[in-house]
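Colleague: Dumping the structure here so I can ask a few things about it.
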Amino acid sequence: MIETYRPIDQNGEPVHAHGGQIIAHEGWYYWIGEDRRGRNKVSCYRSKNLECWEFRNHILTLDSPQKQHPLLPTADLRLEVEGRKAGIGEGCNIERPKVLYNRKTGKFVMWMHWELPDDYKEARCAVAVCDTIDGDYTYLGSFNPIGHMSRDCTVFQDDDGTAYFISSARENLDTHIYRLSEDYLTIDKLERVLWPGQQREAATVFKRHGVYFMLTSGCTGWAPNQGSYAWSRSMIDGWSMRYPFGDETTYQSQSTWVLPVYHPESGETEYLYIGDRWGGKDGYFESGYVRVPIVFDSDTEIHI
Ligand code: GAL
């Protein structure tokens, strides 16, 4: 059994950054994720060593500044929802937030899953933007990408700066890979529909030695299930079939991110699998994390 990772911040509070990501920026690791304490929000912590976490800011809250999305005049700007209360937290439900740094515009762009408080029927994505990674993001609204349903989601930035938004579409039956616009603020096009009808969630993508890997979970709500991975030499074409990843519950976790960690002593890069170990609907605040290095059996075969 892999131990639950339950870090605390500098104030002794548990780190709430669920369904999140850890990214390196200017010598720090930033951990961004869902925080449902009180009113729903997105939290940001940072660390030098991936062990001591400093809470930085609630980077998106129900009170965040709002501005209509430049290319999506119909995007819905609601973050606060009158008369409907989420089972946990209040306001609309923001899940799986992920941030990308755009080298051309110098902006940090957050993509996330947006729902009304008490169901998953809207199936929208939402976007927010900021000048600094841990500053106050401006909310640009929510929408259905090119009209599609969009639930669990992630982002991936390629070496040449091309960025993708990946989400579960069509009632979670299909996995969509969208290319983002150059400024990362909107969707450019739907590049690929992966594994139609196979019901995947919790996608996360990383790249090693020119090979892209996509981890996903099955769809069993908060309960963990067998994860899988697929690989490809292009983000768009040639994805392999899915192979099992982890045991029948992915060691009681659901994928959310893979973090490359460079070790200067050995010159090696370790790829850290980060999963949520959810406490479930009633035990949500007991949710912890799983962090474990991925083992590469070959350039295209992995396990934990
Ligand atoms: C999971 C999903 C989570 C959350 C949960 C709600 O399958 O990955 O992000 O939406 O369902 O039941």
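How things are named: the first chain in the structure tokens is A, the next is B, and so on; residues count from 1 in each chain; ligands count from 1 in the order shown.
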Residues near region 265-271 of chain A, anyone? I mean within 9 Å using only C-alpha atoms, not counting same-chain ones fewer than 3 positions away, as a list of chain:residue names.
Modeller: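 Counting only C-alpha atoms, the residues come to A:Phe206, A:Arg208, A:Val258, A:Leu259, A:Pro260, A:Val261, A:Tyr262, A:Val292, A:Pro293, A:Ile294, A:Val295.
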Colleague: Could you save those same residues with C-alpha atoms as an mmCIF file, in the first residue's frame?
Modeller:
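Listing of part13.cif after writing:
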```
data_model
loop_
_atom_site.group_PDB
_atom_site.id
_atom_site.type_symbol
_atom_site.label_atom_id
_atom_site.label_comp_id
_atom_site.auth_asym_id
_atom_site.auth_seq_id
_atom_site.Cartn_x
_atom_site.Cartn_y
_atom_site.Cartn_z
ATOM 1 C CA PHE A 206 3.564 14.163 -19.883
ATOM 2 C CA ARG A 208 9.706 11.867 -21.991
ATOM 3 C CA VAL A 258 2.833 13.976 -13.528
ATOM 4 C CA LEU A 259 5.713 16.197 -12.414
ATOM 5 C CA PRO A 260 9.197 15.883 -13.933
ATOM 6 C CA VAL A 261 11.810 16.469 -11.203
ATOM 7 C CA TYR A 262 15.403 16.980 -12.282
ATOM 8 C CA VAL A 292 5.201 7.989 -6.350
ATOM 9 C CA PRO A 293 7.908 7.876 -9.050
ATOM 10 C CA ILE A 294 6.924 6.281 -12.352
ATOM 11 C CA VAL A 295 9.097 3.334 -13.387
#
```
Colleague: How close does each residue of chain A get to ligand 1, giving the shortest atom pair and distance in Å to one decimal for every residue with an atom at most 6 Å away, counting only C-alpha atoms and all ligand atoms, sorted by chain and residue number, as CSV?
Modeller:
```
residue,atom,partner,partner_atom_place_in_ligand_line,distance
A:Glu95,CA,ligand 1,9 (O),5.9
A:Asp152,CA,ligand 1,9 (O),5.7
A:Glu201,CA,ligand 1,8 (O),5.8
A:Ala202,CA,ligand 1,8 (O),5.0
A:Cys219,CA,ligand 1,7 (O),5.4
A:Thr220,CA,ligand 1,7 (O),5.6
A:Gly221,CA,ligand 1,7 (O),3.6
A:Trp222,CA,ligand 1,12 (O),4.8
```
Colleague: Show me, as a JSON list (two decimals) with all heavy atoms, in the first residue's frame, the residues that have an atom within 6 Å of region 124-137 of chain A when counting only C-alpha atoms, minus same-chain residues fewer than 3 positions from it.
Modeller:
```json
[["chain", "number", "residue", "atom", "x", "y", "z"],
["A", 59, "ILE", "N", -6.06, 31.89, -5.44],
["A", 59, "ILE", "CA", -5.82, 32.61, -6.70],
["A", 59, "ILE", "C", -7.09, 32.83, -7.52],
["A", 59, "ILE", "O", -7.14, 33.72, -8.35],
["A", 59, "ILE", "CB", -4.71, 31.93, -7.54],
["A", 59, "ILE", "CG1", -5.06, 30.47, -7.86],
["A", 59, "ILE", "CG2", -3.37, 32.01, -6.82],
["A", 59, "ILE", "CD1", -4.01, 29.77, -8.71],
["A", 60, "LEU", "N", -8.12, 32.01, -7.27],
["A", 60, "LEU", "CA", -9.42, 32.25, -7.89],
["A", 60, "LEU", "C", -10.47, 31.99, -6.82],
["A", 60, "LEU", "O", -10.46, 30.94, -6.19],
["A", 60, "LEU", "CB", -9.63, 31.32, -9.09],
["A", 60, "LEU", "CG", -10.90, 31.62, -9.89],
["A", 60, "LEU", "CD1", -10.70, 32.86, -10.78],
["A", 60, "LEU", "CD2", -11.28, 30.44, -10.79],
["A", 107, "LYS", "N", 1.65, 35.77, -19.73],
["A", 107, "LYS", "CA", 0.50, 35.59, -18.82],
["A", 107, "LYS", "C", 0.39, 34.13, -18.34],
["A", 107, "LYS", "O", 0.75, 33.21, -19.09],
["A", 107, "LYS", "CB", -0.81, 35.92, -19.53],
["A", 107, "LYS", "CG", -0.85, 37.29, -20.15],
["A", 107, "LYS", "CD", -1.47, 38.30, -19.22],
["A", 107, "LYS", "CE", -1.65, 39.62, -19.94],
["A", 107, "LYS", "NZ", -1.58, 40.75, -19.04],
["A", 108, "PHE", "N", -0.18, 33.98, -17.17],
["A", 108, "PHE", "CA", -0.52, 32.64, -16.66],
["A", 108, "PHE", "C", -2.01, 32.42, -16.94],
["A", 108, "PHE", "O", -2.84, 33.28, -16.61],
["A", 108, "PHE", "CB", -0.24, 32.55, -15.17],
["A", 108, "PHE", "CG", 1.24, 32.62, -14.89],
["A", 108, "PHE", "CD1", 1.88, 33.84, -14.75],
["A", 108, "PHE", "CD2", 1.99, 31.46, -14.83],
["A", 108, "PHE", "CE1", 3.24, 33.92, -14.54],
["A", 108, "PHE", "CE2", 3.36, 31.52, -14.62],
["A", 108, "PHE", "CZ", 3.99, 32.75, -14.47],
["A", 109, "VAL", "N", -2.31, 31.30, -17.58],
["A", 109, "VAL", "CA", -3.70, 31.04, -17.99],
["A", 109, "VAL", "C", -4.19, 29.77, -17.29],
["A", 109, "VAL", "O", -3.54, 28.73, -17.38],
["A", 109, "VAL", "CB", -3.81, 30.89, -19.53],
["A", 109, "VAL", "CG1", -5.26, 30.69, -19.93],
["A", 109, "VAL", "CG2", -3.21, 32.10, -20.23],
["A", 110, "MET", "N", -5.31, 29.89, -16.59],
["A", 110, "MET", "CA", -5.87, 28.75, -15.87],
["A", 110, "MET", "C", -7.05, 28.17, -16.65],
["A", 110, "MET", "O", -7.94, 28.91, -17.07],
["A", 110, "MET", "CB", -6.37, 29.21, -14.49],
["A", 110, "MET", "CG", -6.89, 28.08, -13.61],
["A", 110, "MET", "SD", -7.77, 28.69, -12.14],
["A", 110, "MET", "CE", -6.52, 29.65, -11.33],
["A", 111, "TRP", "N", -7.05, 26.85, -16.84],
["A", 111, "TRP", "CA", -8.20, 26.14, -17.41],
["A", 111, "TRP", "C", -8.75, 25.22, -16.33],
["A", 111, "TRP", "O", -7.99, 24.67, -15.54],
["A", 111, "TRP", "CB", -7.76, 25.32, -18.64],
["A", 111, "TRP", "CG", -7.58, 26.19, -19.84],
["A", 111, "TRP", "CD1", -6.49, 26.97, -20.12],
["A", 111, "TRP", "CD2", -8.51, 26.40, -20.91],
["A", 111, "TRP", "NE1", -6.69, 27.65, -21.30],
["A", 111, "TRP", "CE2", -7.92, 27.31, -21.81],
["A", 111, "TRP", "CE3", -9.78, 25.89, -21.20],
["A", 111, "TRP", "CZ2", -8.55, 27.73, -22.97],
["A", 111, "TRP", "CZ3", -10.41, 26.31, -22.36],
["A", 111, "TRP", "CH2", -9.81, 27.23, -23.23],
["A", 112, "MET", "N", -10.05, 25.07, -16.32],
["A", 112, "MET", "CA", -10.68, 24.28, -15.26],
["A", 112, "MET", "C", -12.04, 23.73, -15.72],
["A", 112, "MET", "O", -12.54, 24.11, -16.77],
["A", 112, "MET", "CB", -10.86, 25.15, -14.00],
["A", 112, "MET", "CG", -11.81, 26.32, -14.23],
["A", 112, "MET", "SD", -11.49, 27.73, -13.16],
["A", 112, "MET", "CE", -10.76, 28.89, -14.31],
["A", 113, "HIS", "N", -12.60, 22.87, -14.90],
["A", 113, "HIS", "CA", -13.94, 22.31, -15.13],
["A", 113, "HIS", "C", -14.92, 23.13, -14.30],
["A", 113, "HIS", "O", -14.69, 23.36, -13.12],
["A", 113, "HIS", "CB", -13.91, 20.83, -14.71],
["A", 113, "HIS", "CG", -15.24, 20.14, -14.74],
["A", 113, "HIS", "ND1", -15.44, 18.92, -14.13],
["A", 113, "HIS", "CD2", -16.43, 20.47, -15.29],
["A", 113, "HIS", "CE1", -16.69, 18.54, -14.31],
["A", 113, "HIS", "NE2", -17.32, 19.46, -15.01],
["A", 114, "TRP", "N", -16.02, 23.56, -14.91],
["A", 114, "TRP", "CA", -17.02, 24.44, -14.25],
["A", 114, "TRP", "C", -18.37, 23.75, -14.23],
["A", 114, "TRP", "O", -18.83, 23.23, -15.26],
["A", 114, "TRP", "CB", -17.12, 25.73, -15.06],
["A", 114, "TRP", "CG", -18.03, 26.80, -14.50],
["A", 114, "TRP", "CD1", -17.62, 27.90, -13.81],
["A", 114, "TRP", "CD2", -19.46, 26.91, -14.61],
["A", 114, "TRP", "NE1", -18.71, 28.69, -13.49],
["A", 114, "TRP", "CE2", -19.85, 28.10, -13.96],
["A", 114, "TRP", "CE3", -20.45, 26.12, -15.19],
["A", 114, "TRP", "CZ2", -21.18, 28.53, -13.87],
["A", 114, "TRP", "CZ3", -21.78, 26.54, -15.10],
["A", 114, "TRP", "CH2", -22.13, 27.73, -14.44],
["A", 140, "LEU", "N", -12.53, 34.78, -16.80],
["A", 140, "LEU", "CA", -12.99, 35.15, -18.15],
["A", 140, "LEU", "C", -14.25, 34.41, -18.59],
["A", 140, "LEU", "O", -14.71, 34.59, -19.71],
["A", 140, "LEU", "CB", -11.88, 34.89, -19.18],
["A", 140, "LEU", "CG", -10.53, 35.60, -18.97],
["A", 140, "LEU", "CD1", -9.55, 35.21, -20.07],
["A", 140, "LEU", "CD2", -10.70, 37.11, -18.93],
["A", 141, "GLY", "N", -14.77, 33.54, -17.72],
["A", 141, "GLY", "CA", -16.05, 32.91, -18.05],
["A", 141, "GLY", "C", -15.95, 31.44, -18.39],
["A", 141, "GLY", "O", -14.86, 30.88, -18.56],
["A", 142, "SER", "N", -17.12, 30.79, -18.48],
["A", 142, "SER", "CA", -17.21, 29.35, -18.74],
["A", 142, "SER", "C", -17.99, 29.10, -20.03],
["A", 142, "SER", "O", -18.81, 29.93, -20.43],
["A", 142, "SER", "CB", -17.90, 28.65, -17.59],
["A", 142, "SER", "OG", -19.27, 28.99, -17.57],
["A", 143, "PHE", "N", -17.73, 27.98, -20.68],
["A", 143, "PHE", "CA", -18.39, 27.67, -21.96],
["A", 143, "PHE", "C", -18.19, 26.19, -22.29],
["A", 143, "PHE", "O", -17.36, 25.50, -21.67],
["A", 143, "PHE", "CB", -17.83, 28.55, -23.08],
["A", 143, "PHE", "CG", -16.32, 28.50, -23.20],
["A", 143, "PHE", "CD1", -15.71, 27.65, -24.09],
["A", 143, "PHE", "CD2", -15.53, 29.32, -22.40],
["A", 143, "PHE", "CE1", -14.32, 27.59, -24.18],
["A", 143, "PHE", "CE2", -14.14, 29.26, -22.49],
["A", 143, "PHE", "CZ", -13.54, 28.40, -23.39],
["A", 144, "ASN", "N", -18.95, 25.72, -23.25],
["A", 144, "ASN", "CA", -18.78, 24.36, -23.77],
["A", 144, "ASN", "C", -17.84, 24.46, -24.98],
["A", 144, "ASN", "O", -18.19, 25.10, -25.97],
["A", 144, "ASN", "CB", -20.11, 23.75, -24.22],
["A", 144, "ASN", "CG", -21.06, 23.55, -23.06],
["A", 144, "ASN", "OD1", -22.10, 24.20, -22.97],
["A", 144, "ASN", "ND2", -20.70, 22.67, -22.15],
["A", 150, "SER", "N", -17.77, 19.06, -21.45],
["A", 150, "SER", "CA", -16.36, 19.02, -21.04],
["A", 150, "SER", "C", -16.31, 18.90, -19.53],
["A", 150, "SER", "O", -16.62, 19.84, -18.81],
["A", 150, "SER", "CB", -15.70, 20.32, -21.52],
["A", 150, "SER", "OG", -14.36, 20.37, -21.14]]
```
Colleague: So which residues touch Thr249 (chain A) within 7 Å, counting only C-alpha atoms, skipping near sequence neighbours fewer than 5 positions away, as a PDB file with N, CA, C and O atoms, in the first residue's frame?
Modeller:
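Written output follows (part.pdb):
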```pdb
ATOM      1  N   PRO A 224     -11.966   4.982  -6.298  1.00  0.00           N
ATOM      2  CA  PRO A 224     -10.860   4.748  -7.236  1.00  0.00           C
ATOM      3  C   PRO A 224     -11.077   3.501  -8.100  1.00  0.00           C
ATOM      4  O   PRO A 224     -11.797   2.582  -7.706  1.00  0.00           O
ATOM      5  N   ASN A 225     -10.462   3.471  -9.249  1.00  0.00           N
ATOM      6  CA  ASN A 225     -10.568   2.324 -10.159  1.00  0.00           C
ATOM      7  C   ASN A 225      -9.227   2.117 -10.856  1.00  0.00           C
ATOM      8  O   ASN A 225      -8.274   2.868 -10.626  1.00  0.00           O
ATOM      9  N   GLN A 226      -9.177   1.123 -11.705  1.00  0.00           N
ATOM     10  CA  GLN A 226      -7.930   0.805 -12.421  1.00  0.00           C
ATOM     11  C   GLN A 226      -7.589   1.917 -13.418  1.00  0.00           C
ATOM     12  O   GLN A 226      -8.374   2.191 -14.344  1.00  0.00           O
TER      13      GLN A 226
END
```
Colleague: Which residues are close to region 155-164 of chain A, i.e. within 8 Å by only C-alpha atoms, leaving aside same-chain residues fewer than 4 positions away? Reply as a list in words.
Modeller: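 Selected residues are Lys98, Val99, Leu100, Asn102, Arg103, Trp111, Ile177, Tyr178, Arg179, Leu180, Ser181, Glu182, Tyr184, Thr204, Val205 and Phe206 of chain A.
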Colleague: Produce a file of the selected residues containing N, CA, C and O atoms, as a JSON list (two decimals), in the first residue's frame.
Modeller:
```
[["chain", "number", "residue", "atom", "x", "y", "z"],
["A", 98, "LYS", "N", -5.88, 23.94, -13.76],
["A", 98, "LYS", "CA", -4.49, 23.75, -14.22],
["A", 98, "LYS", "C", -4.03, 25.04, -14.87],
["A", 98, "LYS", "O", -4.78, 25.66, -15.62],
["A", 99, "VAL", "N", -2.79, 25.42, -14.62],
["A", 99, "VAL", "CA", -2.25, 26.69, -15.12],
["A", 99, "VAL", "C", -1.14, 26.43, -16.14],
["A", 99, "VAL", "O", -0.34, 25.51, -15.99],
["A", 100, "LEU", "N", -1.11, 27.27, -17.17],
["A", 100, "LEU", "CA", -0.05, 27.24, -18.20],
["A", 100, "LEU", "C", 0.60, 28.61, -18.23],
["A", 100, "LEU", "O", -0.10, 29.63, -18.11],
["A", 102, "ASN", "N", 2.28, 31.30, -20.64],
["A", 102, "ASN", "CA", 2.44, 31.60, -22.06],
["A", 102, "ASN", "C", 3.66, 32.49, -22.25],
["A", 102, "ASN", "O", 3.67, 33.65, -21.81],
["A", 103, "ARG", "N", 4.69, 31.94, -22.89],
["A", 103, "ARG", "CA", 5.96, 32.67, -23.04],
["A", 103, "ARG", "C", 5.79, 33.91, -23.91],
["A", 103, "ARG", "O", 6.51, 34.88, -23.74],
["A", 111, "TRP", "N", -7.05, 26.85, -16.84],
["A", 111, "TRP", "CA", -8.20, 26.14, -17.41],
["A", 111, "TRP", "C", -8.75, 25.22, -16.33],
["A", 111, "TRP", "O", -7.99, 24.67, -15.54],
["A", 177, "ILE", "N", -8.92, 15.96, -27.40],
["A", 177, "ILE", "CA", -7.69, 16.76, -27.35],
["A", 177, "ILE", "C", -7.93, 18.01, -28.18],
["A", 177, "ILE", "O", -8.11, 17.92, -29.40],
["A", 178, "TYR", "N", -7.95, 19.17, -27.53],
["A", 178, "TYR", "CA", -8.11, 20.45, -28.23],
["A", 178, "TYR", "C", -6.77, 21.17, -28.27],
["A", 178, "TYR", "O", -6.03, 21.16, -27.27],
["A", 179, "ARG", "N", -6.49, 21.82, -29.39],
["A", 179, "ARG", "CA", -5.34, 22.72, -29.44],
["A", 179, "ARG", "C", -5.79, 24.10, -28.95],
["A", 179, "ARG", "O", -6.86, 24.57, -29.34],
["A", 180, "LEU", "N", -5.00, 24.73, -28.10],
["A", 180, "LEU", "CA", -5.35, 26.08, -27.64],
["A", 180, "LEU", "C", -4.84, 27.13, -28.63],
["A", 180, "LEU", "O", -3.90, 26.88, -29.38],
["A", 181, "SER", "N", -5.46, 28.30, -28.59],
["A", 181, "SER", "CA", -5.00, 29.42, -29.41],
["A", 181, "SER", "C", -3.60, 29.83, -28.92],
["A", 181, "SER", "O", -3.17, 29.43, -27.85],
["A", 182, "GLU", "N", -2.92, 30.64, -29.71],
["A", 182, "GLU", "CA", -1.53, 31.01, -29.37],
["A", 182, "GLU", "C", -1.41, 31.67, -28.01],
["A", 182, "GLU", "O", -0.42, 31.51, -27.32],
["A", 184, "TYR", "N", -3.33, 31.01, -25.53],
["A", 184, "TYR", "CA", -3.88, 30.00, -24.60],
["A", 184, "TYR", "C", -5.24, 30.39, -24.00],
["A", 184, "TYR", "O", -5.74, 29.72, -23.10],
["A", 204, "THR", "N", -4.12, 13.03, -17.58],
["A", 204, "THR", "CA", -2.94, 13.88, -17.42],
["A", 204, "THR", "C", -1.90, 13.41, -18.44],
["A", 204, "THR", "O", -1.79, 12.22, -18.72],
["A", 205, "VAL", "N", -1.17, 14.38, -19.00],
["A", 205, "VAL", "CA", -0.23, 14.07, -20.08],
["A", 205, "VAL", "C", 1.17, 14.52, -19.68],
["A", 205, "VAL", "O", 1.34, 15.58, -19.06],
["A", 206, "PHE", "N", 2.17, 13.72, -20.01],
["A", 206, "PHE", "CA", 3.56, 14.16, -19.88],
["A", 206, "PHE", "C", 4.36, 13.59, -21.05],
["A", 206, "PHE", "O", 3.87, 12.73, -21.78]]
```
Colleague: Using Å and a single decimal, report how far CA of Glu171 (chain A) sits from CA of Glu191 (chain A).
Modeller: 18.9 Å
